[in-house]
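Undergrad: Compact mmCIF, C-alpha atoms (C1' of nucleotides), saved as model-v1.txt, coming up:
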# COMPACT_ATOMS: atom_id res chain seq x y z
CA MET A 1 0.00 0.00 0.00
CA GLN A 2 1.93 2.96 1.32
CA LYS A 3 5.52 3.10 0.20
CA LEU A 4 6.12 6.14 2.34
CA ASP A 5 9.06 6.62 4.62
CA THR A 6 8.57 6.62 8.36
CA LYS A 7 8.87 10.37 8.70
CA THR A 8 6.03 10.98 6.24
CA LYS A 9 3.86 8.28 7.75
CA ILE A 10 4.20 10.00 11.10
CA LEU A 11 3.39 13.42 9.67
CA ASN A 12 0.30 12.11 7.89
CA ALA A 13 -1.07 10.32 10.91
CA ALA A 14 -0.22 13.18 13.23
CA GLU A 15 -1.87 15.93 11.22
CA GLN A 16 -5.12 14.00 10.98
CA LEU A 17 -5.23 13.24 14.69
CA PHE A 18 -4.13 16.73 15.71
CA ALA A 19 -6.82 18.31 13.53
CA GLU A 20 -9.52 16.01 14.88
CA ARG A 21 -8.63 15.88 18.57
CA GLY A 22 -6.29 18.74 19.26
CA PHE A 23 -2.65 18.56 20.20
CA ALA A 24 -2.91 17.85 23.89
CA ASP A 25 -5.35 14.99 23.46
CA THR A 26 -3.26 13.22 20.88
CA SER A 27 -0.55 11.05 22.39
CA LEU A 28 2.56 9.87 20.60
CA ARG A 29 1.33 6.35 21.19
CA LEU A 30 -1.85 7.07 19.28
CA ILE A 31 0.06 8.66 16.44
CA THR A 32 2.58 5.87 16.05
CA SER A 33 0.02 3.11 16.24
CA GLN A 34 -2.10 4.86 13.62
CA ALA A 35 0.98 5.37 11.45
CA GLU A 36 2.05 1.79 12.07
CA VAL A 37 5.52 2.77 13.13
CA ASN A 38 7.43 2.34 16.32
CA LEU A 39 6.82 4.64 19.27
CA ALA A 40 10.47 5.64 19.50
CA SER A 41 10.61 6.83 15.90
CA VAL A 42 8.89 10.13 16.65
CA ASN A 43 11.63 11.21 18.96
CA TYR A 44 14.24 9.85 16.59
CA HIS A 45 12.94 11.81 13.59
CA PHE A 46 11.56 14.94 15.20
CA GLY A 47 13.19 15.19 18.61
CA SER A 48 10.05 15.91 20.58
CA LYS A 49 6.30 16.23 20.32
CA LYS A 50 6.55 20.01 20.09
CA GLU A 51 8.85 19.80 17.11
CA LEU A 52 6.50 17.31 15.48
CA ILE A 53 3.63 19.78 15.88
CA GLN A 54 5.72 22.49 14.25
CA ALA A 55 6.74 20.16 11.42
CA VAL A 56 3.12 19.29 10.74
CA LEU A 57 2.19 22.95 10.42
CA ALA A 58 5.33 23.88 8.52
CA ARG A 59 4.40 21.50 5.71
CA TYR A 60 1.31 23.62 5.06
CA LEU A 61 2.76 27.03 5.78
CA GLU A 62 5.55 26.48 3.27
CA VAL A 63 2.92 26.16 0.57
CA PHE A 64 0.32 28.60 1.85
CA VAL A 65 2.41 31.61 2.77
CA PRO A 66 4.19 32.14 -0.58
CA SER A 67 0.85 31.73 -2.30
CA LEU A 68 -0.77 34.34 -0.08
CA GLU A 69 2.18 36.67 -0.51
CA GLN A 70 1.55 36.52 -4.22
CA THR A 71 -2.18 37.33 -4.12
CA ILE A 72 -1.59 40.19 -1.69
CA SER A 73 1.20 41.70 -3.73
CA SER A 74 -0.79 41.45 -6.96
CA LEU A 75 -3.53 43.33 -5.13
CA ASN A 76 -1.12 46.12 -4.25
CA SER A 77 0.27 46.33 -7.76
CA GLN A 78 -3.17 47.01 -9.22
CA GLY A 79 -3.27 50.45 -7.65
CA ASP A 80 -3.91 52.16 -4.37
CA ARG A 81 -7.61 51.45 -4.08
CA TYR A 82 -9.23 48.10 -3.48
CA THR A 83 -12.26 46.97 -1.55
CA GLN A 84 -12.23 44.99 1.58
CA HIS A 85 -14.00 42.19 -0.20
CA GLN A 86 -11.01 41.96 -2.50
CA VAL A 87 -8.64 41.76 0.45
CA PHE A 88 -10.46 38.86 2.05
CA SER A 89 -10.81 37.16 -1.29
CA CYS A 90 -7.02 37.00 -1.42
CA LEU A 91 -7.28 34.21 1.09
CA ILE A 92 -9.59 31.97 -0.90
CA GLU A 93 -7.32 30.78 -3.65
CA PRO A 94 -4.28 30.02 -1.49
CA LEU A 95 -6.52 28.18 0.96
CA LEU A 96 -8.27 26.08 -1.64
CA ALA A 97 -4.99 25.31 -3.36
CA LEU A 98 -4.06 23.26 -0.32
CA ASN A 99 -6.66 20.72 -1.38
CA THR A 100 -4.58 19.79 -4.39
CA PHE A 101 -1.51 19.54 -2.24
CA ARG A 102 -3.11 17.07 0.11
CA HIS A 103 -6.50 15.40 0.48
CA ARG A 104 -8.73 17.64 2.58
CA GLY A 105 -5.72 19.92 2.87
CA THR A 106 -7.70 23.14 3.33
CA THR A 107 -9.80 21.80 6.17
CA MET A 108 -6.80 20.20 7.77
CA PHE A 109 -4.72 23.36 7.65
CA LEU A 110 -7.43 25.59 9.07
CA GLN A 111 -8.27 23.11 11.78
CA LEU A 112 -4.62 22.82 12.75
CA LEU A 113 -4.26 26.58 12.78
CA GLY A 114 -7.36 26.85 14.93
CA ARG A 115 -6.15 24.26 17.37
CA GLY A 116 -2.82 26.01 17.53
CA TYR A 117 -4.38 29.30 18.50
CA ILE A 118 -6.90 27.81 20.84
CA GLU A 119 -4.54 25.62 22.80
CA SER A 120 -2.35 28.56 23.68
CA GLN A 121 0.86 26.64 23.22
CA GLY A 122 3.46 29.37 23.33
CA HIS A 123 5.91 27.55 21.13
CA LEU A 124 3.50 27.48 18.19
CA ARG A 125 2.69 31.18 18.23
CA TRP A 126 6.38 31.85 18.52
CA PHE A 127 7.12 29.54 15.62
CA ILE A 128 4.50 31.10 13.37
CA THR A 129 5.17 34.75 14.12
CA THR A 130 8.95 34.46 13.86
CA HIS A 131 8.78 32.56 10.57
CA TYR A 132 5.77 34.18 8.96
CA GLY A 133 5.30 37.52 10.67
CA ASP A 134 5.84 39.52 7.48
CA ILE A 135 2.78 38.24 5.69
CA MET A 136 0.65 38.95 8.73
CA VAL A 137 1.78 42.57 8.68
CA ALA A 138 1.15 42.81 4.93
CA PHE A 139 -2.37 41.48 5.30
CA ASN A 140 -3.08 43.88 8.12
CA ASP A 141 -1.89 46.79 5.98
CA ALA A 142 -4.14 45.72 3.14
CA VAL A 143 -7.16 45.68 5.43
CA ARG A 144 -6.28 49.15 6.65
CA GLN A 145 -6.06 50.54 3.13
CA ALA A 146 -9.45 49.04 2.32
CA ASN A 147 -11.08 50.49 5.43
CA PRO A 148 -9.81 54.04 5.80
CA HIS A 149 -12.76 54.89 8.05
CA LEU A 150 -11.50 52.54 10.76
CA SER A 151 -8.76 53.34 13.23
CA LYS A 152 -5.74 51.11 13.68
CA ALA A 153 -7.11 49.97 17.00
CA GLU A 154 -10.53 49.19 15.60
CA ILE A 155 -8.95 47.06 12.89
CA PHE A 156 -6.90 45.24 15.48
CA TRP A 157 -10.03 44.29 17.34
CA ARG A 158 -12.06 43.33 14.34
CA LEU A 159 -9.35 41.21 12.81
CA HIS A 160 -9.10 39.30 16.04
CA PHE A 161 -12.85 38.85 16.09
CA THR A 162 -12.52 37.50 12.57
CA LEU A 163 -9.74 35.18 13.55
CA GLY A 164 -11.95 33.82 16.28
CA THR A 165 -14.83 33.24 13.93
CA VAL A 166 -12.72 31.31 11.47
CA VAL A 167 -10.70 29.38 13.97
CA PHE A 168 -13.66 28.24 16.01
CA THR A 169 -15.68 27.34 12.93
CA MET A 170 -12.87 25.23 11.59
CA ALA A 171 -12.12 23.56 14.88
CA SER A 172 -15.76 22.49 15.07
CA SER A 173 -16.30 22.05 11.35
CA ASN A 174 -16.72 18.30 11.56
CA ALA A 175 -19.49 18.59 14.12
CA LEU A 176 -21.12 21.52 12.30
CA THR A 177 -21.22 19.84 8.90
CA ASP A 178 -22.69 16.74 10.54
CA ILE A 179 -25.49 18.80 12.09
CA ALA A 180 -26.13 20.60 8.81
CA LYS A 181 -26.45 17.25 7.11
CA SER A 182 -28.85 15.73 9.61
CA ASP A 183 -30.96 18.81 10.41
CA PHE A 184 -31.08 20.57 7.04
CA ASN A 185 -29.93 17.84 4.66
CA GLN A 186 -27.09 20.08 3.53
CA ASP A 187 -23.84 18.72 2.17
CA VAL A 188 -21.37 21.41 3.08
CA ASP A 189 -17.77 21.06 1.98
CA ILE A 190 -14.91 23.30 2.90
CA GLU A 191 -15.40 25.57 -0.09
CA ASP A 192 -19.06 26.14 0.82
CA LEU A 193 -18.03 26.87 4.34
CA ILE A 194 -15.47 29.47 3.31
CA ARG A 195 -18.00 31.11 1.00
CA ARG A 196 -20.46 31.27 3.88
CA LEU A 197 -17.87 32.75 6.18
CA ILE A 198 -16.66 35.51 3.89
CA PRO A 199 -19.89 37.61 3.89
CA PHE A 200 -20.19 37.19 7.65
CA ILE A 201 -16.72 38.39 8.50
CA SER A 202 -16.65 40.92 5.71
CA ALA A 203 -19.80 42.58 7.03
CA GLY A 204 -18.43 42.39 10.55
CA VAL A 205 -15.08 43.98 9.81
CA SER A 206 -16.48 46.92 7.89
CA ALA A 207 -19.49 47.43 10.16
CA PRO A 208 -20.24 51.10 10.91
CA MET B 1 -9.28 36.45 55.81
CA GLN B 2 -11.57 34.02 54.06
CA LYS B 3 -14.18 32.42 56.27
CA LEU B 4 -15.40 30.33 53.36
CA ASP B 5 -16.08 26.64 53.50
CA THR B 6 -13.88 24.22 51.63
CA LYS B 7 -16.35 23.66 48.83
CA THR B 8 -16.55 27.37 48.03
CA LYS B 9 -12.81 27.82 48.30
CA ILE B 10 -12.39 25.07 45.73
CA LEU B 11 -14.98 26.56 43.39
CA ASN B 12 -13.39 30.00 43.58
CA ALA B 13 -9.90 28.78 42.90
CA ALA B 14 -11.05 26.40 40.19
CA GLU B 15 -13.05 28.91 38.17
CA GLN B 16 -10.15 31.34 38.08
CA LEU B 17 -7.67 28.72 36.98
CA PHE B 18 -10.04 27.12 34.49
CA ALA B 19 -10.79 30.48 32.89
CA GLU B 20 -7.12 31.39 32.66
CA ARG B 21 -5.55 28.11 31.60
CA GLY B 22 -8.36 25.88 30.35
CA PHE B 23 -9.69 22.74 31.93
CA ALA B 24 -7.15 20.23 30.71
CA ASP B 25 -4.17 22.29 31.79
CA THR B 26 -5.46 22.85 35.30
CA SER B 27 -4.67 19.97 37.64
CA LEU B 28 -6.44 19.24 40.87
CA ARG B 29 -3.13 19.79 42.59
CA LEU B 30 -2.96 23.32 41.27
CA ILE B 31 -6.53 24.01 42.32
CA THR B 32 -6.20 22.67 45.83
CA SER B 33 -2.89 24.36 46.50
CA GLN B 34 -4.32 27.67 45.28
CA ALA B 35 -7.43 27.14 47.40
CA GLU B 36 -5.28 26.10 50.35
CA VAL B 37 -7.22 22.91 50.89
CA ASN B 38 -6.27 19.28 50.79
CA LEU B 39 -5.94 17.48 47.48
CA ALA B 40 -8.43 14.79 48.44
CA SER B 41 -11.18 17.26 49.22
CA VAL B 42 -12.08 17.80 45.58
CA ASN B 43 -13.06 14.21 45.15
CA TYR B 44 -14.81 14.22 48.50
CA HIS B 45 -16.96 17.25 47.71
CA PHE B 46 -17.46 16.91 43.96
CA GLY B 47 -16.74 13.30 43.10
CA SER B 48 -14.50 13.95 40.13
CA LYS B 49 -12.84 16.66 38.12
CA LYS B 50 -15.62 16.55 35.53
CA GLU B 51 -18.25 17.19 38.15
CA LEU B 52 -16.19 20.05 39.53
CA ILE B 53 -16.10 21.61 36.08
CA GLN B 54 -19.88 21.32 35.84
CA ALA B 55 -20.34 22.78 39.30
CA VAL B 56 -18.18 25.76 38.42
CA LEU B 57 -20.31 26.51 35.38
CA ALA B 58 -23.58 25.75 37.10
CA ARG B 59 -22.96 28.52 39.62
CA TYR B 60 -23.07 31.03 36.78
CA LEU B 61 -25.75 29.40 34.67
CA GLU B 62 -28.16 29.38 37.60
CA VAL B 63 -27.94 33.16 37.68
CA PHE B 64 -27.53 33.90 34.01
CA VAL B 65 -30.19 31.70 32.45
CA PRO B 66 -33.23 32.96 34.42
CA SER B 67 -32.10 36.49 33.77
CA LEU B 68 -31.81 35.85 30.03
CA GLU B 69 -35.18 34.10 30.01
CA GLN B 70 -36.66 37.27 31.39
CA THR B 71 -35.17 39.68 28.84
CA ILE B 72 -36.12 37.36 25.97
CA SER B 73 -39.69 36.94 27.17
CA SER B 74 -40.15 40.67 27.73
CA LEU B 75 -38.97 41.08 24.14
CA ASN B 76 -41.68 38.71 22.94
CA SER B 77 -44.39 40.33 25.01
CA GLN B 78 -43.75 43.71 23.38
CA GLY B 79 -45.20 42.51 20.08
CA ASP B 80 -44.29 40.42 17.08
CA ARG B 81 -41.71 42.72 15.59
CA TYR B 82 -38.32 43.50 16.94
CA THR B 83 -34.95 44.17 15.39
CA GLN B 84 -32.02 41.90 15.53
CA HIS B 85 -30.11 44.50 17.44
CA GLN B 86 -32.73 44.23 20.16
CA VAL B 87 -32.32 40.48 20.26
CA PHE B 88 -28.59 40.62 20.77
CA SER B 89 -28.99 43.38 23.30
CA CYS B 90 -30.98 40.96 25.42
CA LEU B 91 -27.65 39.38 26.27
CA ILE B 92 -25.96 42.49 27.60
CA GLU B 93 -27.80 43.04 30.84
CA PRO B 94 -27.78 39.42 32.03
CA LEU B 95 -24.10 39.18 31.19
CA LEU B 96 -23.11 42.36 32.97
CA ALA B 97 -25.23 41.42 35.98
CA LEU B 98 -22.77 38.62 36.66
CA ASN B 99 -20.25 41.26 37.66
CA THR B 100 -22.27 42.10 40.74
CA PHE B 101 -22.62 38.44 41.54
CA ARG B 102 -18.88 37.87 41.54
CA HIS B 103 -15.79 39.97 40.91
CA ARG B 104 -15.03 39.86 37.17
CA GLY B 105 -17.99 37.54 36.89
CA THR B 106 -18.87 38.43 33.30
CA THR B 107 -15.39 37.80 31.99
CA MET B 108 -15.07 34.64 34.02
CA PHE B 109 -18.34 33.21 32.78
CA LEU B 110 -17.66 33.92 29.12
CA GLN B 111 -14.15 32.58 29.36
CA LEU B 112 -15.38 29.41 31.01
CA LEU B 113 -18.06 28.99 28.39
CA GLY B 114 -15.49 29.52 25.69
CA ARG B 115 -13.11 27.00 27.15
CA GLY B 116 -15.95 24.55 27.48
CA TYR B 117 -16.82 24.78 23.84
CA ILE B 118 -13.27 24.83 22.62
CA GLU B 119 -12.02 21.87 24.58
CA SER B 120 -14.69 19.66 23.12
CA GLN B 121 -15.35 17.90 26.39
CA GLY B 122 -18.54 16.01 25.61
CA HIS B 123 -19.76 15.97 29.19
CA LEU B 124 -19.97 19.75 29.30
CA ARG B 125 -22.01 20.14 26.15
CA TRP B 126 -24.28 17.41 27.40
CA PHE B 127 -24.63 19.11 30.76
CA ILE B 128 -25.45 22.50 29.25
CA THR B 129 -27.87 21.35 26.57
CA THR B 130 -29.80 19.00 28.84
CA HIS B 131 -30.13 21.58 31.60
CA TYR B 132 -30.47 24.76 29.59
CA GLY B 133 -31.59 23.69 26.14
CA ASP B 134 -34.87 25.62 26.33
CA ILE B 135 -33.32 29.04 26.48
CA MET B 136 -31.07 28.20 23.55
CA VAL B 137 -34.13 27.35 21.48
CA ALA B 138 -35.91 30.52 22.59
CA PHE B 139 -32.96 32.69 21.64
CA ASN B 140 -32.71 30.99 18.28
CA ASP B 141 -36.38 31.64 17.64
CA ALA B 142 -35.97 35.30 18.51
CA VAL B 143 -33.15 35.64 16.01
CA ARG B 144 -35.31 34.00 13.35
CA GLN B 145 -38.19 36.40 13.94
CA ALA B 146 -35.83 39.34 13.66
CA ASN B 147 -34.31 38.05 10.41
CA PRO B 148 -37.15 36.78 8.29
CA HIS B 149 -34.99 37.05 5.15
CA LEU B 150 -32.67 34.31 6.41
CA SER B 151 -33.37 30.61 6.19
CA LYS B 152 -33.25 28.35 9.23
CA ALA B 153 -30.04 26.85 7.96
CA GLU B 154 -28.43 30.21 7.34
CA ILE B 155 -29.24 31.26 10.88
CA PHE B 156 -27.77 28.05 12.20
CA TRP B 157 -24.49 28.81 10.48
CA ARG B 158 -24.35 32.44 11.42
CA LEU B 159 -25.15 31.84 15.06
CA HIS B 160 -22.31 29.37 15.21
CA PHE B 161 -20.02 31.86 13.57
CA THR B 162 -21.12 34.31 16.25
CA LEU B 163 -20.50 31.82 18.98
CA GLY B 164 -16.99 31.34 17.64
CA THR B 165 -16.31 35.04 17.60
CA VAL B 166 -17.41 35.53 21.17
CA VAL B 167 -15.86 32.41 22.57
CA PHE B 168 -12.48 32.95 21.00
CA THR B 169 -12.41 36.60 21.95
CA MET B 170 -13.18 35.80 25.54
CA ALA B 171 -10.74 32.94 25.74
CA SER B 172 -8.01 35.31 24.56
CA SER B 173 -9.37 38.43 26.20
CA ASN B 174 -6.53 38.72 28.69
CA ALA B 175 -3.93 38.69 25.95
CA LEU B 176 -5.99 41.01 23.73
CA THR B 177 -6.58 43.66 26.36
CA ASP B 178 -2.86 43.57 27.20
CA ILE B 179 -1.97 44.23 23.57
CA ALA B 180 -4.56 46.99 23.29
CA LYS B 181 -3.03 48.64 26.34
CA SER B 182 0.57 48.47 25.16
CA ASP B 183 0.02 49.16 21.45
CA PHE B 184 -2.85 51.64 21.52
CA ASN B 185 -2.88 52.78 25.13
CA GLN B 186 -6.47 51.58 25.45
CA ASP B 187 -7.98 50.46 28.73
CA VAL B 188 -10.59 47.97 27.64
CA ASP B 189 -12.81 46.37 30.23
CA ILE B 190 -15.36 43.65 29.67
CA GLU B 191 -18.17 46.08 29.01
CA ASP B 192 -16.16 47.85 26.31
CA LEU B 193 -15.35 44.52 24.79
CA ILE B 194 -18.98 43.47 24.62
CA ARG B 195 -19.96 46.80 23.10
CA ARG B 196 -17.27 46.36 20.47
CA LEU B 197 -18.42 42.84 19.74
CA ILE B 198 -22.11 43.60 19.27
CA PRO B 199 -21.81 45.67 16.06
CA PHE B 200 -19.42 43.13 14.59
CA ILE B 201 -21.61 40.10 15.15
CA SER B 202 -24.79 42.00 14.51
CA ALA B 203 -23.57 43.08 11.08
CA GLY B 204 -22.32 39.57 10.42
CA VAL B 205 -25.55 37.80 11.30
CA SER B 206 -27.77 40.01 9.21
CA ALA B 207 -25.34 40.34 6.31
CA PRO B 208 -27.02 40.11 2.90
C1' DG C 1 -14.71 16.56 56.95
C1' DT C 2 -9.88 16.42 56.60
C1' DC C 3 -5.54 14.45 56.22
C1' DT C 4 -1.49 11.20 54.75
C1' DA C 5 -0.12 7.88 51.99
C1' DT C 6 -0.61 5.32 48.06
C1' DA C 7 -2.78 2.98 44.07
C1' DT C 8 -3.38 3.45 39.21
C1' DT C 9 -2.86 5.08 34.80
C1' DA C 10 -0.91 7.34 31.01
C1' DA C 11 2.07 10.33 29.15
C1' DG C 12 6.87 11.88 26.93
C1' DA C 13 11.33 10.47 26.52
C1' DT C 14 15.58 7.48 26.16
C1' DA C 15 19.13 3.56 26.49
C1' DG C 16 20.97 0.05 24.14
C1' DA C 17 20.59 -4.22 21.21
C1' DC C 18 20.05 -5.23 16.52
C1' DG D 1 16.86 3.43 11.26
C1' DT D 2 14.20 0.47 14.04
C1' DC D 3 12.91 -2.12 17.92
C1' DT D 4 12.10 -3.61 22.97
C1' DA D 5 12.22 -2.41 27.34
C1' DT D 6 12.35 0.91 30.67
C1' DC D 7 12.83 5.48 33.03
C1' DT D 8 10.64 9.53 34.76
C1' DT D 9 7.03 12.38 35.64
C1' DA D 10 2.56 13.89 36.61
C1' DA D 11 -2.07 13.24 36.67
C1' DT D 12 -6.76 11.43 38.83
C1' DA D 13 -8.52 8.92 42.29
C1' DT D 14 -9.07 6.33 46.70
C1' DA D 15 -8.24 3.79 51.24
C1' DG D 16 -8.07 4.36 55.78
C1' DA D 17 -6.45 6.86 60.08
C1' DC D 18 -7.89 10.72 62.68
Represent the structure contained in this file as C-alpha cells.
TA:
Amino acid sequence: MQKLDTKTKILNAAEQLFAERGFADTSLRLITSQAEVNLASVNYHFGSKKELIQAVLARYLEVFVPSLEQTISSLNSQGDRYTQHQVFSCLIEPLLALNTFRHRGTTMFLQLLGRGYIESQGHLRWFITTHYGDIMVAFNDAVRQANPHLSKAEIFWRLHFTLGTVVFTMASSNALTDIAKSDFNQDVDIEDLIRRLIPFISAGVSAP
Amino acid sequence: MQKLDTKTKILNAAEQLFAERGFADTSLRLITSQAEVNLASVNYHFGSKKELIQAVLARYLEVFVPSLEQTISSLNSQGDRYTQHQVFSCLIEPLLALNTFRHRGTTMFLQLLGRGYIESQGHLRWFITTHYGDIMVAFNDAVRQANPHLSKAEIFWRLHFTLGTVVFTMASSNALTDIAKSDFNQDVDIEDLIRRLIPFISAGVSAP
DNA sequence: GTCTATATTAAGATAGAC
DNA sequence: GTCTATCTTAATATAGAC
C-alpha cells in the first residue's frame, strides 16, 4: 500500500489526529500506532512532540504563505484602491490550493491553525510569528487601506474577532457539517463553508 | 481572611484557573494548593474533576439563564416585531449582571463557556444542553423572527459563527486587552469589549 | 470533613541491542 | 533506522487513620 518513509507516515497520521482531537489529546502512542511505526521513531525523527507539531504545520505554511504573498502583492500592484472584499478574497485561492496539495488539505490546515491558536501553546505562536510575521503585517496593511474609516485599534479588534470566527468554525467544522447534514440535509464542503464565512466576517469587519 | 467553607474555596480557585488556563491544563493539585485545601477534598466534595467543572459553570448558569429568560420573554411580550439589534442586546444586561454576583464575573463566565466549547469535552455540552436547552431554542427563535430574510439553515451557520467570535475573543481576552493597552494605550474592560463585539456580530448575522 | 499515603494510569522520553 | 524495554514524571482517584 503505502511506500512512504517513516517520517512521512508519522506526519500524515499526526496531522489527521491533531486536527480532529487537538494537540494535547493526541498522544505519541496514538500517532505511532495509527501510522504503524514504532513509538520511539517520533523522537528519533523529530526530537520531541513540540517539534513534530511544528513540522506538521510547517508543511502547510511552506505552501500557503508564498501563495498568499503573491495574491496580496498582486492586489497592491493594481493600484492604491481596493475593496475589503477583494482583500479577504485574497485568502480563498491560497486556501483552496491546499486541497490539491493534500487530500482535505484546506480543512486540515485551518483546523490545525485553529487548534494552535486555541490551545495557547506558546511555542506554536512563537514559531508562526517568527517565521511568517511579514505576511501577517502585509495582510493587516491591506485591510487598513481598504477600510480608511477605521482606526488602527478598531482594525486590530475586528481582525481578532474575525480570527476567532474562522478558527472556532474550523475547529468544530466536523461537528457543524454533521449537524447541517442531519438537520437541514445540507452537504457542506470546505469551499461552501469558506464562502459562507466571507460575507459574515466581511460585514463584521467593515461594520459602521 | 476568608471564612469560606472548603467547597466554596475550591470553586473559587477552580473557576479562576479554568478560565485562565483551560480545563485540561489545570490539575487538581494546582486548584487545591491555590485554594489552600487538601488534594483529596475535591473528590470528596465533587466526586470527580468533571463534576467540579460542571459545578463551576452551574454557579453562573443558575444566575444567568433565568435572567436571560426574562429579557427574551419581555422582548416577545412587546409585540411580534423586533430588530435583531434588540435580540442581541438581550444578552448584555444578564451578562453584565454577573459582575455584581462575583468579581469579574462576566469575563469569568464567558471565558469558562469559551473554554468549554473549545475543549470539546462532551460531558460539558451534554450538561449544558440537557439543563439549559430551552433558552437556547428561545434565543434561536428570537433571532429568526428578527431576520425573516434568512433561512433556518443560514441562521444556524451564522449563530455558530457568532459563537466562535465571542468564545475565542473571551478565551483570549486577557492577551488582547494587554496588547490593546501596550500598542494603543487603550484600557478595555469587559463592558467595552462586549460593546465592540455587538456591532461586529450583529452586522455579520444580518449580512445580505 | 480532613488528612497522609498510596494505588493506578498514562504520558513523553531514552538507552541500548540489533 | 528500528525495535524492545524501561525510566521519569505527573495526573486522577481512593483507602483508611484521625
Undergrad: Once you count all atoms listed in the file, which residues of chain A turn out to be within 9 Å of chain C? Could you give them as a ChimeraX atom specification?
TA: /A:27-29,40,43,48-49
Undergrad: Write out as a tab-separated table a residue-level contact list of chain D versus chain A with cut-off 9 Å: for each qualifying residue the closest pair of atoms and the distance in Å to one decimal, counting all atoms listed in the file, rows sorted by chain and residue number upward.
TA:
residue	atom	partner	partner_atom	distance
D:DG1	C1'	A:Ser41	CA	8.5
D:DT2	C1'	A:Asn38	CA	7.4
D:DC3	C1'	A:Asn38	CA	7.2
Undergrad: Please, which residues in chain B fall within 7 Å of chain A when counting only C-alpha atoms, and what is the closest atom pair and distance in Å to one decimal for each, ordered by chain then residue number, as CSV?
TA:
residue,atom,partner,partner_atom,distance
B:Ala153,CA,A:Phe184,CA,6.4
B:Phe161,CA,A:Thr165,CA,5.4
B:Thr162,CA,A:Thr165,CA,6.8
B:Gly164,CA,A:Thr165,CA,4.7
B:Thr165,CA,A:Thr165,CA,4.3
B:Phe168,CA,A:Gly164,CA,4.8
B:Thr169,CA,A:Phe161,CA,6.3
B:Phe184,CA,A:Ala153,CA,6.4
B:Pro199,CA,A:Ala207,CA,6.6
B:Phe200,CA,A:Gly204,CA,4.2
B:Ile201,CA,A:Gly204,CA,6.0
B:Ala203,CA,A:Gly204,CA,5.2
B:Gly204,CA,A:Phe200,CA,4.2
B:Val205,CA,A:Phe200,CA,6.5
B:Ala207,CA,A:Ala203,CA,6.0
Undergrad: Report, as lines of an AutoDock Vina configuration file, the axis-aligned box around all atoms of range 2-15 of chain D present in the file, extended by 5 Å on each side; give centre and edge lengths in Å to one decimal place.
TA:
center_x = 2.6
center_y = 5.1
center_z = 32.6
size_x = 33.3
size_y = 27.5
size_z = 47.2
Undergrad: For CA of Ser67 in chain A and CA of Asn12 in chain A, determine how far apart the two atoms are, in Å to one decimal place.
TA: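 Distance between the two atoms: 22.1 Å.
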Undergrad: Could you list, as a list in words, every residue within 9 Å of Leu91 in chain B, counting all atoms listed in the file and ignoring same-chain residues fewer than 3 positions away?
TA: Leu68, Thr71, Ile72, Val87, Phe88, Pro94, Leu95 and Leu96 of chain B
Undergrad: Measure the distance from CA of Ala19 in chain A to C1' of DA10 in chain D in Å and round it to one decimal.
TA: 25.3 Å
Undergrad: Scan for residues within 12 Å of the point (2.1, 25.8, 0.3) in the coordinates of the file, using all atoms listed in the file, and reply as a ChimeraX atom specification.
TA: /A:57-70,93-102,105-106,109
Undergrad: May I ask for the distance between CA of Ser89 in chain B and CA of Val143 in chain A, given in Å to one decimal place?
TA: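 Those two atoms sit 28.3 Å apart.
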Undergrad: List the neighbours of range 79-81 of chain A out to 8 Å using only C-alpha atoms (C1' of nucleotides); skip same-chain residues closer than 4 positions along the sequence, and give me the result as a list in words.
TA: Leu75, Gln145 and Ala146 of chain A
Undergrad: Nearest to Ile128 in chain B among B:Gln78, B:Asn174, B:Gln54, B:Ser182, with distances taken over all atoms listed in the file: which residue is it?
TA: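 Looking at the shortest contact to Ile128 in chain B, the residue is B:Gln54.
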